[in-house]
Structure formats: C-alpha cells, structure tokens
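Enquirer: What follows is upload.csv, CSV, C-alpha atoms.
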chain,number,residue,atom,x,y,z
A,1,ALA,CA,38.0,60.8,44.6
A,2,GLN,CA,39.9,57.9,43.0
A,3,LYS,CA,43.7,57.9,42.9
A,4,VAL,CA,46.3,55.3,41.9
A,5,THR,CA,49.9,55.7,43.1
A,6,GLN,CA,52.8,53.8,41.7
A,7,ALA,CA,55.6,55.2,43.8
A,8,GLN,CA,58.4,53.4,41.9
A,9,THR,CA,59.2,55.4,38.8
A,10,GLU,CA,61.9,53.1,37.6
A,11,ILE,CA,63.3,49.7,38.7
A,12,SER,CA,66.3,47.9,37.3
A,13,VAL,CA,67.0,44.2,38.0
A,14,VAL,CA,69.3,41.5,36.7
A,15,GLU,CA,67.7,38.6,34.9
A,16,LYS,CA,66.3,35.9,37.1
A,17,GLU,CA,65.8,38.2,40.0
A,18,ASP,CA,62.3,38.5,41.5
A,19,VAL,CA,60.8,42.0,41.4
A,20,THR,CA,57.7,43.5,42.9
A,21,LEU,CA,55.9,46.5,41.5
A,22,ASP,CA,53.8,48.4,44.0
A,23,CYS,CA,50.4,49.9,43.5
A,24,VAL,CA,48.4,51.8,46.1
A,25,TYR,CA,44.9,53.1,45.4
A,26,GLU,CA,42.4,55.4,47.0
A,27,THR,CA,38.6,55.1,46.6
A,28,ARG,CA,35.5,55.7,48.7
A,29,ASP,CA,33.6,53.0,46.8
A,30,THR,CA,33.1,49.5,48.2
A,31,THR,CA,32.9,48.0,44.7
A,32,TYR,CA,35.7,48.6,42.3
A,33,TYR,CA,38.1,46.9,39.9
A,34,LEU,CA,41.8,46.9,39.7
A,35,PHE,CA,43.9,46.3,36.6
A,36,TRP,CA,47.5,45.9,35.5
A,37,TYR,CA,48.6,46.6,32.0
A,38,LYS,CA,52.0,46.2,30.4
A,39,GLN,CA,53.5,48.7,27.9
A,40,PRO,CA,56.5,47.1,26.1
A,41,PRO,CA,59.0,49.3,24.1
A,42,SER,CA,56.8,48.8,21.0
A,43,GLY,CA,54.2,51.0,22.7
A,44,GLU,CA,51.0,49.0,22.8
A,45,LEU,CA,49.2,48.3,26.1
A,46,VAL,CA,48.7,44.7,27.0
A,47,PHE,CA,46.0,43.7,29.5
A,48,LEU,CA,47.4,41.5,32.3
A,49,ILE,CA,44.8,41.2,35.0
A,50,ARG,CA,41.5,42.5,36.4
A,51,ARG,CA,40.5,41.9,40.0
A,52,ASN,CA,37.3,43.0,41.7
A,53,SER,CA,37.2,44.3,45.2
A,54,PHE,CA,35.4,41.3,46.6
A,55,ASP,CA,38.0,38.8,45.6
A,56,GLU,CA,41.1,39.1,47.7
A,57,GLN,CA,42.5,35.8,46.7
A,58,ASN,CA,45.9,36.2,45.3
A,59,GLU,CA,46.4,35.1,41.7
A,60,ILE,CA,49.3,33.4,40.0
A,61,SER,CA,49.8,33.2,36.3
A,62,GLY,CA,53.1,31.6,35.3
A,63,ARG,CA,55.8,33.9,36.6
A,64,TYR,CA,53.3,36.6,37.4
A,65,SER,CA,51.5,36.9,40.7
A,66,TRP,CA,49.3,39.6,42.2
A,67,ASN,CA,48.8,40.3,45.9
A,68,PHE,CA,45.6,42.2,46.7
A,69,GLN,CA,45.3,43.6,50.2
A,70,LYS,CA,42.3,45.7,51.0
A,71,SER,CA,43.6,46.5,54.4
A,72,THR,CA,46.4,48.5,52.9
A,73,SER,CA,44.7,49.4,49.6
A,74,SER,CA,47.4,47.8,47.7
A,75,PHE,CA,47.5,45.6,44.6
A,76,ASN,CA,51.1,44.6,44.1
A,77,PHE,CA,52.5,42.7,41.1
A,78,THR,CA,55.4,40.3,41.4
A,79,ILE,CA,57.5,38.9,38.5
A,80,THR,CA,59.4,35.8,39.5
A,81,ALA,CA,62.7,34.9,37.8
A,82,SER,CA,62.5,38.0,35.6
A,83,GLN,CA,63.5,37.9,32.0
A,84,VAL,CA,64.7,40.6,29.5
A,85,VAL,CA,61.4,40.4,27.7
A,86,ASP,CA,59.7,41.6,30.9
A,87,SER,CA,61.3,45.0,30.3
A,88,ALA,CA,58.4,47.4,29.9
A,89,VAL,CA,56.4,50.1,31.7
A,90,TYR,CA,53.7,48.6,33.9
A,91,PHE,CA,50.5,50.5,34.7
A,92,CYS,CA,48.1,49.9,37.6
A,93,ALA,CA,44.6,51.2,37.1
A,94,LEU,CA,41.4,51.5,39.2
A,95,SER,CA,37.8,51.7,38.1
A,96,ASP,CA,34.7,51.7,40.3
A,97,ASP,CA,31.4,50.1,39.4
A,98,ILE,CA,29.1,52.5,41.2
A,99,GLY,CA,27.0,55.4,40.0
A,100,SER,CA,26.2,56.1,36.5
A,101,TYR,CA,26.3,53.2,34.2
A,102,ASN,CA,27.6,55.5,31.6
A,103,ASN,CA,30.6,56.8,33.5
A,104,ASN,CA,34.1,55.9,32.5
A,105,ASP,CA,36.3,56.5,35.5
A,106,MET,CA,39.3,54.4,34.9
A,107,ARG,CA,42.3,56.0,36.6
A,108,PHE,CA,45.8,55.0,35.8
A,109,GLY,CA,48.9,55.3,37.9
A,110,ALA,CA,51.9,57.0,36.4
A,111,GLY,CA,53.6,53.7,35.6
A,112,THR,CA,56.7,51.9,36.7
A,113,ARG,CA,59.5,51.4,34.1
A,114,LEU,CA,61.1,48.0,34.7
A,115,THR,CA,64.4,47.2,33.1
A,116,VAL,CA,65.7,43.7,33.2
A,117,LYS,CA,69.3,43.4,32.3
A,118,PRO,CA,70.9,40.2,31.0
B,1,ASN,CA,40.7,38.1,15.5
B,2,ALA,CA,42.3,41.4,15.0
B,3,GLY,CA,42.9,43.6,18.0
B,4,VAL,CA,42.1,47.3,18.3
B,5,MET,CA,43.6,49.0,15.3
B,6,GLN,CA,44.8,52.6,15.4
B,7,ASN,CA,46.2,54.6,12.5
B,8,PRO,CA,48.4,56.2,11.8
B,9,ARG,CA,51.0,55.0,14.3
B,10,HIS,CA,52.9,58.2,13.9
B,11,LEU,CA,51.6,61.6,12.9
B,12,VAL,CA,53.5,64.8,12.4
B,13,ARG,CA,51.7,68.1,12.2
B,14,ARG,CA,52.8,71.7,12.1
B,15,ARG,CA,51.2,74.2,14.5
B,16,GLY,CA,47.8,75.2,13.3
B,17,GLN,CA,47.1,72.1,11.3
B,18,GLU,CA,44.4,69.5,12.0
B,19,ALA,CA,45.1,66.0,13.3
B,20,ARG,CA,42.8,63.1,12.7
B,21,LEU,CA,43.4,59.9,14.6
B,22,ARG,CA,41.5,56.7,13.7
B,23,CYS,CA,40.5,53.7,15.8
B,24,SER,CA,38.8,50.5,14.8
B,25,PRO,CA,37.6,48.6,17.8
B,26,MET,CA,37.9,44.8,18.2
B,27,LYS,CA,35.2,42.8,16.4
B,28,GLY,CA,32.0,42.7,18.5
B,29,HIS,CA,33.0,45.7,20.6
B,30,SER,CA,30.6,48.6,20.7
B,31,HIS,CA,32.4,50.8,23.2
B,32,VAL,CA,35.4,53.0,22.4
B,33,TYR,CA,37.5,55.0,24.8
B,34,TRP,CA,40.3,57.6,24.0
B,35,TYR,CA,43.2,58.3,26.3
B,36,ARG,CA,46.1,60.6,26.1
B,37,GLN,CA,49.6,59.8,27.4
B,38,LEU,CA,52.0,62.6,27.9
B,39,PRO,CA,55.7,61.7,28.0
B,40,GLU,CA,56.7,59.9,31.2
B,41,GLU,CA,53.1,60.0,32.5
B,42,GLY,CA,50.2,57.6,32.8
B,43,LEU,CA,47.1,57.5,30.6
B,44,LYS,CA,44.5,60.2,31.1
B,45,PHE,CA,40.9,59.5,30.1
B,46,MET,CA,39.5,61.8,27.4
B,47,VAL,CA,36.2,60.4,26.0
B,48,TYR,CA,34.0,57.4,26.0
B,49,LEU,CA,31.7,56.7,23.0
B,50,GLN,CA,29.3,54.1,21.8
B,51,LYS,CA,28.0,54.0,18.2
B,52,GLU,CA,26.7,57.5,17.2
B,53,ASN,CA,26.8,58.6,20.9
B,54,ILE,CA,29.2,60.4,23.1
B,55,ILE,CA,28.6,58.9,26.6
B,56,ASP,CA,31.3,60.7,28.7
B,57,GLU,CA,33.5,63.5,27.5
B,58,SER,CA,34.6,64.7,30.9
B,59,GLY,CA,38.3,64.3,30.1
B,60,MET,CA,38.1,66.1,26.8
B,61,PRO,CA,39.6,69.6,26.4
B,62,LYS,CA,36.7,72.1,25.8
B,63,GLU,CA,38.2,73.5,22.7
B,64,ARG,CA,39.8,72.1,19.5
B,65,PHE,CA,39.2,68.5,20.4
B,66,SER,CA,36.3,66.4,19.2
B,67,ALA,CA,35.5,62.7,18.8
B,68,GLU,CA,32.9,60.7,17.0
B,69,PHE,CA,32.1,57.0,16.5
B,70,PRO,CA,29.8,56.8,13.5
B,71,LYS,CA,27.4,54.0,12.7
B,72,GLU,CA,29.8,52.8,10.0
B,73,GLY,CA,33.6,53.1,10.1
B,74,PRO,CA,36.2,53.8,12.8
B,75,SER,CA,36.1,56.2,15.7
B,76,ILE,CA,37.8,59.5,14.9
B,77,LEU,CA,39.6,61.8,17.4
B,78,ARG,CA,40.0,65.2,15.8
B,79,ILE,CA,42.3,67.9,17.0
B,80,GLN,CA,42.0,71.2,15.3
B,81,GLN,CA,44.7,73.9,15.2
B,82,VAL,CA,47.2,71.7,17.0
B,83,VAL,CA,49.7,73.3,19.3
B,84,ARG,CA,53.0,71.9,20.6
B,85,GLY,CA,51.3,70.9,23.9
B,86,ASP,CA,49.2,68.4,22.0
B,87,SER,CA,52.2,66.3,21.3
B,88,ALA,CA,51.5,63.0,23.0
B,89,ALA,CA,50.6,59.4,22.5
B,90,TYR,CA,46.8,58.9,22.0
B,91,PHE,CA,45.5,55.5,22.8
B,92,CYS,CA,42.1,54.0,21.9
B,93,ALA,CA,40.6,51.1,23.8
B,94,SER,CA,37.4,49.1,23.1
B,95,SER,CA,35.2,46.8,25.2
B,96,PRO,CA,32.2,44.7,24.5
B,97,PRO,CA,28.7,45.7,25.5
B,98,ARG,CA,28.5,45.9,29.3
B,99,ALA,CA,26.5,43.2,30.9
B,100,GLY,CA,24.8,43.5,34.3
B,101,GLY,CA,26.4,46.8,35.0
B,102,THR,CA,29.8,45.4,35.4
B,103,LYS,CA,32.9,47.0,33.9
B,104,ASN,CA,34.4,45.1,31.1
B,105,ILE,CA,38.0,44.9,30.3
B,106,GLN,CA,39.3,47.6,28.0
B,107,TYR,CA,41.6,46.3,25.2
B,108,PHE,CA,44.0,48.9,23.9
B,109,GLY,CA,45.4,49.7,20.5
B,110,ALA,CA,49.1,50.4,19.8
B,111,GLY,CA,48.5,54.2,20.0
B,112,THR,CA,49.1,57.1,17.7
B,113,ARG,CA,52.1,59.2,18.5
B,114,LEU,CA,51.4,62.8,17.5
B,115,SER,CA,54.3,65.2,17.1
B,116,VAL,CA,53.5,68.9,16.6
B,117,LEU,CA,56.4,70.9,15.1
Take the structure from the file and write it as structure tokens.

Expert:
Amino acid sequence: AQKVTQAQTEISVVEKEDVTLDCVYETRDTTYYLFWYKQPPSGELVFLIRRNSFDEQNEISGRYSWNFQKSTSSFNFTITASQVVDSAVYFCALSDDIGSYNNNDMRFGAGTRLTVKP
Amino acid sequence: NAGVMQNPRHLVRRRGQEARLRCSPMKGHSHVYWYRQLPEEGLKFMVYLQKENIIDESGMPKERFSAEFPKEGPSILRIQQVVRGDSAAYFCASSPPRAGGTKNIQYFGAGTRLSVL
C-alpha cells in the first residue's frame, strides 16, 4: 500500500531563515513519482516539482531545493532564505506507474503549514 | 492559457439540497480528477474521468455522489441530499493525454468550498 507521511503539521520561521519540510513515503513499487504542491492562503494548489524514482539527483530551483533519498524513502523540500510569500501549506504526494494504466493512485500527505514571519 | 477553472468558488447548501460543482480542464487536457479536502487534512482522491468515461471511481462514496465529463462542457461533480459531513473543499485537476504509460502532472484548480448548513 502507498502512504505519504508529513510528520510536521506546522512550522513557523522568521524571514530569511532556511526551512526543511519532511516527506517520507511507503510503496512496494520500484517505479513511482513524487510530487510537491504548494497551497497558499488563496486556496489553489500550485505544482512545484515531480521526480521519478530512478532519478535521485537533487534539484534546485531558485530558493527551492529537493533532496530525494531512496535509502530512507524521503523526499524533503528546503526553502532557503524564506520569505513571507512562502507562507502556505505544502503537500507531498506519491504516485506509482505500475499496474493498470487507468488507475489513479496519487496519495497526498496531510500537509505542512509553513508560516514565515517578517 | 487559462488554468483549470472551477466554479463556484464557494457554495452554500442546506441539508438535503443538491450541490453541483463544475470544472473546466486546461486547454488540451482530456483527463480530469476530483479530490476532496477535509479541514486540516490532505487531499483524498475521489474519481478520475476522461471524456464521456469514468475510469476510476474507487474514491467516490457509493451513495449520493456522481461525476460526469461530457463530450462538450465541463466536468460536473454532483452531490445529492447533502449532509453536514460533505462540507469540504473539492478540487479538480486535469492532465494531458498520457504518453507511454507515464503519469502526467496534474494541474489543480482553485477549488470549490462547499458549506452545508
């Protein structure tokens, strides 16, 4: 069975601090995808990144970086020099690529609410 | 290029009424997904549709809930005889046709917040 755990329910930091959001996943599949989405106070969900299970190279996009470690089944997300606009709920999600082509089995974590104070 | 459009953004219904939520996918996207988000929780998959077909409804409650994605027009999530427990945010996502069996990115709308009084 698939499962995504975001153990941090809420995190509060002061602007310019670095912050890491944890994501631990469980799956029996060897091929799968991991995602991060951002949900700002306005409510929409913004896609941030997709990573497949065969690509363990870390990725950096501006102040955002992602650390994928299969050995610990983690896909952590770090925001460097956080800003007030980063305040949002961040969701990690897992989807496998095996089995029925028609299955949708995207599993979301419960989310981490990040508050960045000025 | 407009994103996924959901309307209404907010919907208030009394117990026993019907709720209709609409979702227009991004241009060129033929796959639509509906998710429900209860307060302080993550998203839970409900149903996956392509044009005129329900592909996977494993997350859909067996009663009162239905979804369609007609050949023309938006996808509709319909909740009959709403109860207080249906109060939640309902998100629609769309993705382009899948190529080579790989999962495409799902792009989400802003959601419809349903309040049942």

Enquirer: For a test of reading the model, state the distance in Å between atom CA of Gly59 of chain B and atom CA of Phe75 of chain A, rounded to one decimal.

Expert: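 Value for the atom CA of Gly59 of chain B-atom CA of Phe75 of chain A distance: 25.4 Å.
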
Enquirer: Please return, as a ChimeraX atom specification, all residues of chain B lying within 6 Å of chain A when all atoms listed in the file are considered.

Expert: /B:41-43,108,110

Enquirer: Restricting the output to C-alpha atoms, write the selected residues as a compact mmCIF listing (two decimals), keeping the file's coordinate frame.

Expert:
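Writing the result to out-v9.txt gives the following:
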# COMPACT_ATOMS: atom_id res chain seq x y z
CA GLU B 41 53.10 60.00 32.50
CA GLY B 42 50.20 57.60 32.80
CA LEU B 43 47.10 57.50 30.60
CA PHE B 108 44.00 48.90 23.90
CA ALA B 110 49.10 50.40 19.80

Enquirer: Just how far from atom CA of Leu34 of chain A is atom CA of Arg22 of chain B, in Å to one decimal?

Expert: 27.8 Å

Enquirer: Using all atoms listed in the file, which residue out of B:Gly109, B:Pro70, B:Gly3, B:Pro96 lies closest to Ser30 of chain B?

Expert: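 Result for the nearest residue to Ser30 of chain B: B:Pro96.
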
Enquirer: Restricting the calculation to only C-alpha atoms, which member of B:Gly111, B:Val116, B:Glu63, B:Ile54 is positioned closest to Met5 of chain B?

Expert: B:Gly111

Enquirer: To one decimal place in Å, what is the distance between atom CA of Phe77 of chain A and atom CA of Leu21 of chain A?

Expert: 5.1 Å

Enquirer: For Tyr107 of chain B, which residue among B:Val12, B:Met26, B:Ile79, B:Ala88 is the nearest when counting all atoms listed in the file?

Expert: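 Checking each of B:Val12, B:Met26, B:Ile79, B:Ala88 against Tyr107 of chain B, counting all atoms listed in the file, the winner is B:Met26.
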
Enquirer: If we count all atoms listed in the file and set the cut-off at 12 Å, which residues sit around Arg36 of chain B, ignoring sequence neighbours fewer than 3 positions away in its own chain? Please answer as a PDB file with C-alpha atoms, in the frame of the given file.

Expert:
ATOM      1  CA  PHE A 108      45.800  55.000  35.800  1.00  0.00           C
TER       2      PHE A 108
ATOM      3  CA  LEU B  21      43.400  59.900  14.600  1.00  0.00           C
ATOM      4  CA  TYR B  33      37.500  55.000  24.800  1.00  0.00           C
ATOM      5  CA  PRO B  39      55.700  61.700  28.000  1.00  0.00           C
ATOM      6  CA  GLU B  40      56.700  59.900  31.200  1.00  0.00           C
ATOM      7  CA  GLU B  41      53.100  60.000  32.500  1.00  0.00           C
ATOM      8  CA  GLY B  42      50.200  57.600  32.800  1.00  0.00           C
ATOM      9  CA  LEU B  43      47.100  57.500  30.600  1.00  0.00           C
ATOM     10  CA  LYS B  44      44.500  60.200  31.100  1.00  0.00           C
ATOM     11  CA  PHE B  45      40.900  59.500  30.100  1.00  0.00           C
ATOM     12  CA  MET B  46      39.500  61.800  27.400  1.00  0.00           C
ATOM     13  CA  VAL B  47      36.200  60.400  26.000  1.00  0.00           C
ATOM     14  CA  GLY B  59      38.300  64.300  30.100  1.00  0.00           C
ATOM     15  CA  MET B  60      38.100  66.100  26.800  1.00  0.00           C
ATOM     16  CA  PRO B  61      39.600  69.600  26.400  1.00  0.00           C
ATOM     17  CA  PHE B  65      39.200  68.500  20.400  1.00  0.00           C
ATOM     18  CA  LEU B  77      39.600  61.800  17.400  1.00  0.00           C
ATOM     19  CA  GLY B  85      51.300  70.900  23.900  1.00  0.00           C
ATOM     20  CA  ASP B  86      49.200  68.400  22.000  1.00  0.00           C
ATOM     21  CA  SER B  87      52.200  66.300  21.300  1.00  0.00           C
ATOM     22  CA  ALA B  88      51.500  63.000  23.000  1.00  0.00           C
ATOM     23  CA  ALA B  89      50.600  59.400  22.500  1.00  0.00           C
ATOM     24  CA  TYR B  90      46.800  58.900  22.000  1.00  0.00           C
ATOM     25  CA  PHE B  91      45.500  55.500  22.800  1.00  0.00           C
ATOM     26  CA  CYS B  92      42.100  54.000  21.900  1.00  0.00           C
ATOM     27  CA  ALA B  93      40.600  51.100  23.800  1.00  0.00           C
ATOM     28  CA  GLY B 111      48.500  54.200  20.000  1.00  0.00           C
ATOM     29  CA  THR B 112      49.100  57.100  17.700  1.00  0.00           C
ATOM     30  CA  ARG B 113      52.100  59.200  18.500  1.00  0.00           C
ATOM     31  CA  LEU B 114      51.400  62.800  17.500  1.00  0.00           C
TER      32      LEU B 114
END

Enquirer: Neighbours of Ser24 of chain B within 7 Å (only C-alpha atoms; same-chain residues fewer than 5 positions away dropped), as a compact mmCIF listing (two decimals) with C-alpha atoms, keeping the file's coordinate frame?

Expert:
# COMPACT_ATOMS: atom_id res chain seq x y z
CA VAL B 4 42.10 47.30 18.30
CA MET B 5 43.60 49.00 15.30
CA GLN B 6 44.80 52.60 15.40
CA PRO B 74 36.20 53.80 12.80
CA SER B 75 36.10 56.20 15.70

Enquirer: From the list A:Thr72, A:Gln2, A:Ser65, A:Thr30, which residue is nearest Asp18 of chain A when using all atoms listed in the file?

Expert: A:Ser65

Enquirer: Of the candidates B:Arg64, B:Leu117, B:Gln50, B:His10, which one gets nearest to Arg78 of chain B if we count only C-alpha atoms?

Expert: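 For Arg78 of chain B, the nearest of the candidates is B:Arg64.
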
Enquirer: Env of Glu56 of chain A: 10 Å cut, atoms = all atoms listed in the file, seq-sep filter 3 positions within chain, self excluded. Answer as a list in words.

Expert: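 Using all atoms listed in the file, the neighbours found are Arg51, Asn52, Ser53, Glu59, Trp66, Asn67, Phe68, Gln69, Lys70 and Phe75 of chain A.
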